[in-house]
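Engineer: The following file, my_file.pdb, comprises PDB, C-alpha atoms:
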MODEL        1
ATOM      1  CA  MET A   1      14.466  13.541   2.229
ATOM      2  CA  LEU A   2      13.587   9.840   2.103
ATOM      3  CA  LEU A   3      10.197  10.097   0.357
ATOM      4  CA  GLU A   4       8.779  12.975  -1.650
ATOM      5  CA  VAL A   5       5.403  12.937  -3.407
ATOM      6  CA  ARG A   6       4.739  15.829  -5.763
ATOM      7  CA  ASN A   7       1.417  16.803  -7.329
ATOM      8  CA  LEU A   8       0.212  13.200  -7.439
ATOM      9  CA  THR A   9      -3.033  12.321  -9.204
ATOM     10  CA  ALA A  10      -4.582   8.858  -9.593
ATOM     11  CA  SER A  11      -7.820   7.231 -10.669
ATOM     12  CA  TYR A  12      -9.806   4.041 -10.373
ATOM     13  CA  GLY A  13     -10.814   3.635 -14.003
ATOM     14  CA  PRO A  14     -12.759   6.764 -14.994
ATOM     15  CA  THR A  15     -13.141   7.904 -11.371
ATOM     16  CA  GLN A  16     -10.419  10.263 -10.199
ATOM     17  CA  ALA A  17      -9.458   9.691  -6.562
ATOM     18  CA  LEU A  18      -6.325  11.833  -6.104
ATOM     19  CA  PHE A  19      -6.152  15.368  -7.454
ATOM     20  CA  ASP A  20      -3.040  16.972  -5.947
ATOM     21  CA  VAL A  21      -1.281  15.030  -3.200
ATOM     22  CA  ASN A  22       2.005  16.380  -1.872
ATOM     23  CA  LEU A  23       3.883  14.953   1.095
ATOM     24  CA  THR A  24       7.382  14.323   2.395
ATOM     25  CA  VAL A  25       8.848  11.822   4.845
ATOM     26  CA  PRO A  26      12.273  12.850   6.175
ATOM     27  CA  LYS A  27      14.741  10.179   7.237
ATOM     28  CA  GLY A  28      14.133   8.947  10.762
ATOM     29  CA  ARG A  29      10.771  10.705  11.136
ATOM     30  CA  VAL A  30       7.246   9.426  11.732
ATOM     31  CA  VAL A  31       4.635  11.064   9.513
ATOM     32  CA  ALA A  32       0.888  10.603  10.013
ATOM     33  CA  LEU A  33      -1.416  10.746   6.972
ATOM     34  CA  LEU A  34      -4.728  12.168   8.169
ATOM     35  CA  GLY A  35      -8.194  12.926   6.867
ATOM     36  CA  ARG A  36     -11.768  11.683   6.980
ATOM     37  CA  ASN A  37     -12.851   8.419   5.400
ATOM     38  CA  GLY A  38     -12.796   8.485   1.619
ATOM     39  CA  VAL A  39     -10.404  11.409   1.144
ATOM     40  CA  GLY A  40      -7.679   9.292  -0.475
ATOM     41  CA  LYS A  41      -5.372   8.094   2.299
ATOM     42  CA  SER A  42      -5.263   4.420   1.314
ATOM     43  CA  THR A  43      -5.239   5.381  -2.359
ATOM     44  CA  THR A  44      -2.165   7.517  -1.704
ATOM     45  CA  ILE A  45      -0.485   4.548  -0.002
ATOM     46  CA  LYS A  46      -1.312   2.287  -2.956
ATOM     47  CA  ALA A  47       0.109   4.829  -5.398
ATOM     48  CA  ILE A  48       3.323   5.240  -3.385
ATOM     49  CA  CYS A  49       3.779   1.456  -3.277
ATOM     50  CA  ARG A  50       3.069   1.288  -7.020
ATOM     51  CA  MET A  51      -0.029  -0.860  -6.529
ATOM     52  CA  LEU A  52      -2.163   1.736  -8.328
ATOM     53  CA  PRO A  53      -1.077   3.537 -11.521
ATOM     54  CA  HIS A  54      -0.810   7.300 -11.240
ATOM     55  CA  LYS A  55      -2.051   9.796 -13.809
ATOM     56  CA  SER A  56       0.510  12.516 -13.175
ATOM     57  CA  GLY A  57       2.982  13.693 -10.562
ATOM     58  CA  GLN A  58       6.225  12.360  -9.144
ATOM     59  CA  ILE A  59       7.175   9.892  -6.424
ATOM     60  CA  ILE A  60      10.808  10.221  -5.334
ATOM     61  CA  PHE A  61      12.226   7.630  -2.928
ATOM     62  CA  SER A  62      15.798   7.886  -1.702
ATOM     63  CA  ASP A  63      16.621  10.396  -4.463
ATOM     64  CA  GLN A  64      15.309   8.053  -7.154
ATOM     65  CA  SER A  65      12.085   8.351  -9.120
ATOM     66  CA  ILE A  66       9.917   5.281  -8.590
ATOM     67  CA  THR A  67       6.982   6.762 -10.483
ATOM     68  CA  HIS A  68       7.110   4.150 -13.231
ATOM     69  CA  LEU A  69       8.443   1.173 -11.266
ATOM     70  CA  PRO A  70       6.343  -1.958 -10.698
ATOM     71  CA  SER A  71       5.461  -2.634  -7.070
ATOM     72  CA  HIS A  72       7.983  -5.448  -6.523
ATOM     73  CA  LYS A  73      10.884  -3.273  -7.655
ATOM     74  CA  ALA A  74       9.734  -0.407  -5.440
ATOM     75  CA  ALA A  75       9.619  -2.842  -2.522
ATOM     76  CA  ARG A  76      13.183  -3.959  -3.210
ATOM     77  CA  LEU A  77      14.341  -0.363  -2.857
ATOM     78  CA  GLY A  78      13.093  -0.382   0.735
ATOM     79  CA  LEU A  79       9.334   0.230   0.887
ATOM     80  CA  GLY A  80       7.772  -2.029   3.510
ATOM     81  CA  LEU A  81       3.957  -2.064   3.521
ATOM     82  CA  VAL A  82       1.596  -3.260   6.221
ATOM     83  CA  PRO A  83      -1.635  -3.166   4.215
ATOM     84  CA  GLU A  84      -5.100  -2.359   5.479
ATOM     85  CA  GLY A  85      -6.842  -5.571   6.511
ATOM     86  CA  ARG A  86      -3.590  -7.411   7.364
ATOM     87  CA  ARG A  87      -3.653  -9.852   4.401
ATOM     88  CA  CYS A  88      -1.524 -12.595   5.900
ATOM     89  CA  PHE A  89      -1.023 -15.827   3.993
ATOM     90  CA  THR A  90      -3.623 -17.647   6.062
ATOM     91  CA  ASN A  91      -2.618 -21.147   4.896
ATOM     92  CA  LEU A  92       1.002 -20.660   6.017
ATOM     93  CA  THR A  93       2.469 -20.746   9.503
ATOM     94  CA  VAL A  94       3.607 -17.657  11.358
ATOM     95  CA  LEU A  95       7.239 -18.511  10.643
ATOM     96  CA  GLN A  96       6.548 -19.101   6.954
ATOM     97  CA  ASN A  97       4.715 -15.756   6.696
ATOM     98  CA  LEU A  98       7.642 -13.962   8.262
ATOM     99  CA  THR A  99      10.341 -15.586   6.176
ATOM    100  CA  VAL A 100       8.630 -15.722   2.776
ATOM    101  CA  ALA A 101       9.836 -12.232   1.811
ATOM    102  CA  ALA A 102      12.749 -11.864   4.228
ATOM    103  CA  ARG A 103      15.862  -9.993   3.123
ATOM    104  CA  ASP A 104      19.259  -9.743   4.792
ATOM    105  CA  GLY A 105      19.570  -7.020   7.374
ATOM    106  CA  TYR A 106      18.906  -6.091  10.977
ATOM    107  CA  TRP A 107      15.430  -7.611  11.143
ATOM    108  CA  THR A 108      15.418 -11.374  11.637
ATOM    109  CA  PHE A 109      12.809 -13.689  13.112
ATOM    110  CA  ASP A 110      14.486 -13.482  16.528
ATOM    111  CA  ARG A 111      14.343  -9.671  16.520
ATOM    112  CA  VAL A 112      10.710  -9.646  15.381
ATOM    113  CA  ALA A 113       9.972 -12.114  18.183
ATOM    114  CA  GLU A 114      11.568  -9.697  20.661
ATOM    115  CA  LEU A 115       9.190  -7.001  19.418
ATOM    116  CA  PHE A 116       6.188  -9.359  19.452
ATOM    117  CA  PRO A 117       6.929 -12.278  21.842
ATOM    118  CA  ARG A 118       3.587 -13.872  21.023
ATOM    119  CA  LEU A 119       4.847 -14.672  17.519
ATOM    120  CA  ALA A 120       7.618 -16.855  18.935
ATOM    121  CA  GLU A 121       4.993 -18.815  20.849
ATOM    122  CA  ARG A 122       2.850 -19.163  17.698
ATOM    123  CA  GLN A 123       5.613 -19.641  15.113
ATOM    124  CA  ASN A 124       4.400 -23.073  13.968
ATOM    125  CA  GLN A 125       0.716 -22.156  14.049
ATOM    126  CA  ILE A 126      -1.280 -21.642  10.832
ATOM    127  CA  CYS A 127      -2.161 -17.953  10.481
ATOM    128  CA  ALA A 128      -5.832 -18.692   9.777
ATOM    129  CA  THR A 129      -6.145 -19.815  13.417
ATOM    130  CA  LEU A 130      -4.694 -16.598  14.888
ATOM    131  CA  SER A 131      -6.663 -13.725  16.365
ATOM    132  CA  GLY A 132      -6.948 -10.485  14.413
ATOM    133  CA  GLY A 133      -4.371  -8.837  16.649
ATOM    134  CA  GLU A 134      -1.915 -11.675  16.195
ATOM    135  CA  GLN A 135      -2.385 -11.538  12.429
ATOM    136  CA  GLN A 136      -1.607  -7.817  12.563
ATOM    137  CA  MET A 137       1.605  -8.566  14.421
ATOM    138  CA  VAL A 138       2.482 -11.065  11.684
ATOM    139  CA  ALA A 139       1.799  -8.431   9.012
ATOM    140  CA  ILE A 140       4.064  -5.909  10.737
ATOM    141  CA  GLY A 141       6.753  -8.520  11.340
ATOM    142  CA  ARG A 142       6.621  -9.629   7.705
ATOM    143  CA  ALA A 143       7.140  -6.041   6.532
ATOM    144  CA  LEU A 144      10.030  -5.572   8.967
ATOM    145  CA  MET A 145      11.760  -8.718   7.733
ATOM    146  CA  THR A 146      12.045  -7.148   4.278
ATOM    147  CA  ASN A 147      14.356  -4.720   6.163
ATOM    148  CA  PRO A 148      12.664  -1.610   4.781
ATOM    149  CA  ARG A 149      14.005   1.915   4.770
ATOM    150  CA  LEU A 150      10.420   3.208   5.053
ATOM    151  CA  LEU A 151       7.702   1.311   6.921
ATOM    152  CA  ILE A 152       4.165   2.157   5.797
ATOM    153  CA  LEU A 153       1.283   1.199   8.091
ATOM    154  CA  ASP A 154      -2.249   1.533   6.718
ATOM    155  CA  GLU A 155      -4.807   1.393   9.561
ATOM    156  CA  ALA A 156      -2.635  -0.958  11.613
ATOM    157  CA  THR A 157      -4.859  -0.774  14.725
ATOM    158  CA  GLU A 158      -8.287  -0.747  13.067
ATOM    159  CA  GLY A 159     -10.779  -3.194  14.566
ATOM    160  CA  LEU A 160      -8.434  -4.471  17.264
ATOM    161  CA  ALA A 161      -9.147  -4.849  20.967
ATOM    162  CA  PRO A 162      -7.823  -1.978  23.141
ATOM    163  CA  ILE A 163      -5.124  -4.140  24.760
ATOM    164  CA  VAL A 164      -3.838  -5.234  21.336
ATOM    165  CA  ARG A 165      -3.965  -1.659  20.021
ATOM    166  CA  LYS A 166      -1.753  -0.704  22.962
ATOM    167  CA  GLU A 167       0.761  -3.415  22.004
ATOM    168  CA  ILE A 168       0.857  -2.213  18.402
ATOM    169  CA  TRP A 169       1.394   1.409  19.418
ATOM    170  CA  GLN A 170       4.146   0.377  21.813
ATOM    171  CA  ALA A 171       5.859  -1.541  19.012
ATOM    172  CA  VAL A 172       5.681   1.510  16.732
ATOM    173  CA  ARG A 173       7.217   3.595  19.508
ATOM    174  CA  VAL A 174      10.081   1.100  19.835
ATOM    175  CA  LEU A 175      10.660   1.241  16.070
ATOM    176  CA  LYS A 176      10.848   5.015  16.260
ATOM    177  CA  GLU A 177      12.882   5.477  19.420
ATOM    178  CA  SER A 178      15.192   2.453  19.312
ATOM    179  CA  GLN A 179      15.637   1.909  15.583
ATOM    180  CA  GLY A 180      15.088   5.388  14.153
ATOM    181  CA  LEU A 181      13.002   3.838  11.387
ATOM    182  CA  SER A 182      11.203   6.171   8.999
ATOM    183  CA  ILE A 183       7.450   5.535   9.207
ATOM    184  CA  LEU A 184       4.403   6.715   7.268
ATOM    185  CA  LEU A 185       1.180   5.722   8.975
ATOM    186  CA  VAL A 186      -2.562   6.053   8.582
ATOM    187  CA  ASP A 187      -4.745   5.723  11.671
ATOM    188  CA  LYS A 188      -7.943   7.203  13.077
ATOM    189  CA  SER A 189      -6.633   7.630  16.636
ATOM    190  CA  LEU A 190      -5.433  11.223  16.622
ATOM    191  CA  LYS A 191      -4.694  11.026  20.345
ATOM    192  CA  GLU A 192      -2.214   8.197  19.807
ATOM    193  CA  LEU A 193      -0.786   9.798  16.681
ATOM    194  CA  ARG A 194      -0.064  13.031  18.547
ATOM    195  CA  ASN A 195       1.980  11.011  21.029
ATOM    196  CA  ILE A 196       4.143   9.276  18.438
ATOM    197  CA  ALA A 197       4.197  11.145  15.105
ATOM    198  CA  ASP A 198       6.605  13.976  14.366
ATOM    199  CA  GLU A 199       4.694  15.406  11.411
ATOM    200  CA  ALA A 200       1.246  15.177   9.853
ATOM    201  CA  VAL A 201      -0.160  15.469   6.349
ATOM    202  CA  VAL A 202      -3.868  16.280   6.006
ATOM    203  CA  LEU A 203      -5.839  15.241   2.926
ATOM    204  CA  HIS A 204      -9.215  16.561   1.823
ATOM    205  CA  ARG A 205     -11.035  15.413  -1.284
ATOM    206  CA  GLY A 206      -7.941  13.847  -2.777
ATOM    207  CA  SER A 207      -5.609  16.799  -2.207
ATOM    208  CA  THR A 208      -3.107  17.841   0.438
ATOM    209  CA  VAL A 209      -4.388  20.781   2.447
ATOM    210  CA  TRP A 210      -1.723  20.881   5.168
ATOM    211  CA  GLN A 211       1.638  19.424   6.226
ATOM    212  CA  GLY A 212       3.708  20.357   9.228
ATOM    213  CA  GLU A 213       4.759  19.394  12.743
ATOM    214  CA  ILE A 214       1.890  17.489  14.333
ATOM    215  CA  SER A 215       2.224  19.696  17.399
ATOM    216  CA  SER A 216       1.188  22.619  15.166
ATOM    217  CA  LEU A 217      -2.029  20.941  14.023
ATOM    218  CA  THR A 218      -4.726  23.250  15.372
ATOM    219  CA  ASP A 219      -8.145  22.357  16.735
ATOM    220  CA  GLU A 220      -9.640  24.334  13.857
ATOM    221  CA  MET A 221      -7.831  22.184  11.279
ATOM    222  CA  THR A 222      -8.780  19.037  13.176
ATOM    223  CA  ASP A 223     -12.465  19.955  13.297
ATOM    224  CA  ARG A 224     -12.538  21.016   9.669
ATOM    225  CA  TYR A 225     -10.696  18.144   8.034
ATOM    226  CA  ILE A 226     -10.326  15.245  10.471
ATOM    227  CA  GLY A 227     -13.130  15.199  13.038
ATOM    228  CA  VAL A 228     -16.397  13.390  12.494
TER     229      VAL A 228
ENDMDL
END
Show me the file's structure as structure tokens.
Structural biologist:
Amino acid sequence: MLLEVRNLTASYGPTQALFDVNLTVPKGRVVALLGRNGVGKSTTIKAICRMLPHKSGQIIFSDQSITHLPSHKAARLGLGLVPEGRRCFTNLTVLQNLTVAARDGYWTFDRVAELFPRLAERQNQICATLSGGEQQMVAIGRALMTNPRLLILDEATEGLAPIVRKEIWQAVRVLKESQGLSILLVDKSLKELRNIADEAVVLHRGSTVWQGEISSLTDEMTDRYIGV
């Protein structure tokens, strides 16, 4: 098992946000983290990446507890985050964004440019001048160039034009099918997730209520915990 989260709780100051989150990400699998807005999906991602202190529970990554590690040390172990809202370094060029945190490994600028050819065309362009979709490609490429063992995508297609969303989903499919990369992703498009994810974890009010093969996710569960 690459990632295992056990009985995780977390708070924002006095307000508890996570009550009992449990999830696993096996090596080489794509796991979708599902649930309505406000149930704790992004908070779970922040806790896994050690950007939010936990109250109790365990986070095991590659057979090592990272529960008490600072975020930069967790990242060095192989957690690659594409955060909600992209968060590129807008005053840097595309190339500078991609290389600022690069680590040795399979993913280089040339390979990222194969995945997203538009980034090769824009490599000397300041990120502030890019479209939202192009900035999302930069954010994904930047995470890949850390050569992660687990890629975490938090709402990677939110707010993007349909044609750009299609490009992002195609890239995720390539990462799964060609590279066998382990992926944990949050997204609202259940239709797309069913086509690409192997497993799903469903959260409700800060707790895990279901995990299993996404093909086994019933309409009843979808209506109760995911649908509007």
Engineer: Report as a PyMOL selection string the full result of the PyMOL selection byres ((chain A and resi 74-86) around 10) when it is applied to this structure.
Structural biologist: chain A and resi 3+42+45-46+48-51+61-62+64-73+87-89+103+132-159+183-186
Engineer: Could you work out an axis-aligned box for range 33-37 of chain A, taking every atom the file lists and adding 3 Å on each side, and report centre and edge lengths in Å to one decimal, as AutoDock Vina command-line options?
Structural biologist:
--center_x -7.1 --center_y 10.7 --center_z 6.8 --size_x 17.4 --size_y 10.5 --size_z 8.8
Engineer: Show which residues sit within 7 Å of Gly35 in chain A, as a ChimeraX atom specification. Count all atoms listed in the file, and ignore same-chain residues fewer than 5 positions away.
Structural biologist: /A:202-204,225-226
Engineer: Given the choices A:Ser207, A:Ile196, A:Ala120, A:Val31, which gets closest to Leu18 in chain A if the distance is worked out from only C-alpha atoms?
Structural biologist: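 Among A:Ser207, A:Ile196, A:Ala120, A:Val31, it is A:Ser207 that comes nearest to Leu18 in chain A.
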Engineer: What would the selection look like, as a PyMOL selection string, if the PyMOL selection byres ((chain A and resi 168-170) around 8) were run on the coordinates I just shared?
Structural biologist: chain A and resi 137+156-157+164-167+171-174+192
Engineer: Hey, which of A:Glu114, A:Arg194, A:His54, A:Arg224 ends up closest to Gly13 in chain A? Count only C-alpha atoms.
Structural biologist: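 Among the listed residues, the smallest separation from Gly13 in chain A belongs to A:His54.
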Engineer: Given the file shown, determine the residues that the PyMOL selection byres ((chain A and resi 92-96) around 8) selects; report them as a list in words.
Structural biologist: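 Written out, the selection comes to Phe89, Thr90, Asn91, Asn97, Leu98, Thr99, Val100, Phe109, Leu119, Arg122, Gln123, Asn124, Gln125, Ile126, Cys127 and Val138 of chain A.
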Engineer: Could you please determine the separation between CA of Tyr12 in chain A and CA of Gly57 in chain A in Å, to one decimal place?
Structural biologist: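 CA of Gly57 in chain A lies 16.0 Å from CA of Tyr12 in chain A.
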Engineer: If I only have part of range 44-78 of chain A, can you fill in N, CA and C atoms and write it as an mmCIF file, keeping the file's coordinate frame?
Structural biologist:
data_model
loop_
_atom_site.group_PDB
_atom_site.id
_atom_site.type_symbol
_atom_site.label_atom_id
_atom_site.label_comp_id
_atom_site.auth_asym_id
_atom_site.auth_seq_id
_atom_site.Cartn_x
_atom_site.Cartn_y
_atom_site.Cartn_z
ATOM 1 N N THR A 44 -3.515 6.940 -1.687
ATOM 2 C CA THR A 44 -2.165 7.517 -1.704
ATOM 3 C C THR A 44 -1.124 6.455 -1.381
ATOM 4 N N ILE A 45 -1.405 5.624 -0.368
ATOM 5 C CA ILE A 45 -0.485 4.548 -0.002
ATOM 6 C C ILE A 45 -0.300 3.587 -1.170
ATOM 7 N N LYS A 46 -1.388 3.207 -1.818
ATOM 8 C CA LYS A 46 -1.312 2.287 -2.956
ATOM 9 C C LYS A 46 -0.486 2.887 -4.088
ATOM 10 N N ALA A 47 -0.656 4.182 -4.333
ATOM 11 C CA ALA A 47 0.109 4.829 -5.398
ATOM 12 C C ALA A 47 1.595 4.882 -5.053
ATOM 13 N N ILE A 48 1.923 5.201 -3.812
ATOM 14 C CA ILE A 48 3.323 5.240 -3.385
ATOM 15 C C ILE A 48 3.974 3.875 -3.553
ATOM 16 N N CYS A 49 3.242 2.822 -3.194
ATOM 17 C CA CYS A 49 3.779 1.456 -3.277
ATOM 18 C C CYS A 49 3.640 0.877 -4.673
ATOM 19 N N ARG A 50 3.192 1.665 -5.612
ATOM 20 C CA ARG A 50 3.069 1.288 -7.020
ATOM 21 C C ARG A 50 2.066 0.156 -7.237
ATOM 22 N N MET A 51 1.052 0.109 -6.383
ATOM 23 C CA MET A 51 -0.029 -0.860 -6.529
ATOM 24 C C MET A 51 -1.210 -0.257 -7.289
ATOM 25 N N LEU A 52 -1.135 1.030 -7.563
ATOM 26 C CA LEU A 52 -2.163 1.736 -8.328
ATOM 27 C C LEU A 52 -1.460 2.694 -9.272
ATOM 28 N N PRO A 53 -1.730 2.621 -10.577
ATOM 29 C CA PRO A 53 -1.077 3.537 -11.521
ATOM 30 C C PRO A 53 -1.467 4.984 -11.236
ATOM 31 N N HIS A 54 -0.519 5.882 -11.410
ATOM 32 C CA HIS A 54 -0.810 7.300 -11.240
ATOM 33 C C HIS A 54 -1.140 7.909 -12.602
ATOM 34 N N LYS A 55 -1.776 9.074 -12.567
ATOM 35 C CA LYS A 55 -2.051 9.796 -13.809
ATOM 36 C C LYS A 55 -0.953 10.816 -14.086
ATOM 37 N N SER A 56 -0.559 11.521 -13.032
ATOM 38 C CA SER A 56 0.510 12.516 -13.175
ATOM 39 C C SER A 56 1.140 12.738 -11.808
ATOM 40 N N GLY A 57 2.262 13.435 -11.799
ATOM 41 C CA GLY A 57 2.982 13.693 -10.562
ATOM 42 C C GLY A 57 4.228 12.842 -10.450
ATOM 43 N N GLN A 58 4.955 13.049 -9.364
ATOM 44 C CA GLN A 58 6.225 12.360 -9.144
ATOM 45 C C GLN A 58 6.271 11.725 -7.757
ATOM 46 N N ILE A 59 6.896 10.560 -7.697
ATOM 47 C CA ILE A 59 7.175 9.892 -6.424
ATOM 48 C C ILE A 59 8.681 9.647 -6.385
ATOM 49 N N ILE A 60 9.354 10.319 -5.466
ATOM 50 C CA ILE A 60 10.808 10.221 -5.334
ATOM 51 C C ILE A 60 11.116 9.509 -4.033
ATOM 52 N N PHE A 61 11.850 8.394 -4.116
ATOM 53 C CA PHE A 61 12.226 7.630 -2.928
ATOM 54 C C PHE A 61 13.733 7.470 -2.908
ATOM 55 N N SER A 62 14.345 7.959 -1.844
ATOM 56 C CA SER A 62 15.798 7.886 -1.702
ATOM 57 C C SER A 62 16.500 8.459 -2.936
ATOM 58 N N ASP A 63 16.035 9.641 -3.347
ATOM 59 C CA ASP A 63 16.621 10.396 -4.463
ATOM 60 C C ASP A 63 16.462 9.709 -5.813
ATOM 61 N N GLN A 64 15.543 8.760 -5.891
ATOM 62 C CA GLN A 64 15.309 8.053 -7.154
ATOM 63 C C GLN A 64 13.821 8.075 -7.482
ATOM 64 N N SER A 65 13.488 8.390 -8.724
ATOM 65 C CA SER A 65 12.085 8.351 -9.120
ATOM 66 C C SER A 65 11.613 6.906 -9.197
ATOM 67 N N ILE A 66 10.508 6.614 -8.496
ATOM 68 C CA ILE A 66 9.917 5.281 -8.590
ATOM 69 C C ILE A 66 8.552 5.364 -9.275
ATOM 70 N N THR A 67 8.301 6.493 -9.911
ATOM 71 C CA THR A 67 6.982 6.762 -10.483
ATOM 72 C C THR A 67 6.540 5.692 -11.466
ATOM 73 N N HIS A 68 7.475 5.123 -12.201
ATOM 74 C CA HIS A 68 7.110 4.150 -13.231
ATOM 75 C C HIS A 68 7.575 2.732 -12.897
ATOM 76 N N LEU A 69 7.998 2.511 -11.650
ATOM 77 C CA LEU A 69 8.443 1.173 -11.266
ATOM 78 C C LEU A 69 7.252 0.276 -10.926
ATOM 79 N N PRO A 70 7.340 -1.018 -11.217
ATOM 80 C CA PRO A 70 6.343 -1.958 -10.698
ATOM 81 C C PRO A 70 6.503 -2.109 -9.192
ATOM 82 N N SER A 71 5.476 -2.605 -8.534
ATOM 83 C CA SER A 71 5.461 -2.634 -7.070
ATOM 84 C C SER A 71 6.595 -3.472 -6.479
ATOM 85 N N HIS A 72 6.946 -4.596 -7.105
ATOM 86 C CA HIS A 72 7.983 -5.448 -6.523
ATOM 87 C C HIS A 72 9.358 -4.784 -6.564
ATOM 88 N N LYS A 73 9.607 -3.974 -7.583
ATOM 89 C CA LYS A 73 10.884 -3.273 -7.655
ATOM 90 C C LYS A 73 10.924 -2.116 -6.660
ATOM 91 N N ALA A 74 9.790 -1.462 -6.453
ATOM 92 C CA ALA A 74 9.734 -0.407 -5.440
ATOM 93 C C ALA A 74 9.978 -0.997 -4.057
ATOM 94 N N ALA A 75 9.418 -2.183 -3.810
ATOM 95 C CA ALA A 75 9.619 -2.842 -2.522
ATOM 96 C C ALA A 75 11.090 -3.176 -2.300
ATOM 97 N N ARG A 76 11.768 -3.597 -3.349
ATOM 98 C CA ARG A 76 13.183 -3.959 -3.210
ATOM 99 C C ARG A 76 14.055 -2.763 -2.874
ATOM 100 N N LEU A 77 13.583 -1.564 -3.202
ATOM 101 C CA LEU A 77 14.341 -0.363 -2.857
ATOM 102 C C LEU A 77 14.205 -0.006 -1.376
ATOM 103 N N GLY A 78 13.211 -0.626 -0.697
ATOM 104 C CA GLY A 78 13.093 -0.382 0.735
ATOM 105 C C GLY A 78 11.750 0.118 1.213
#
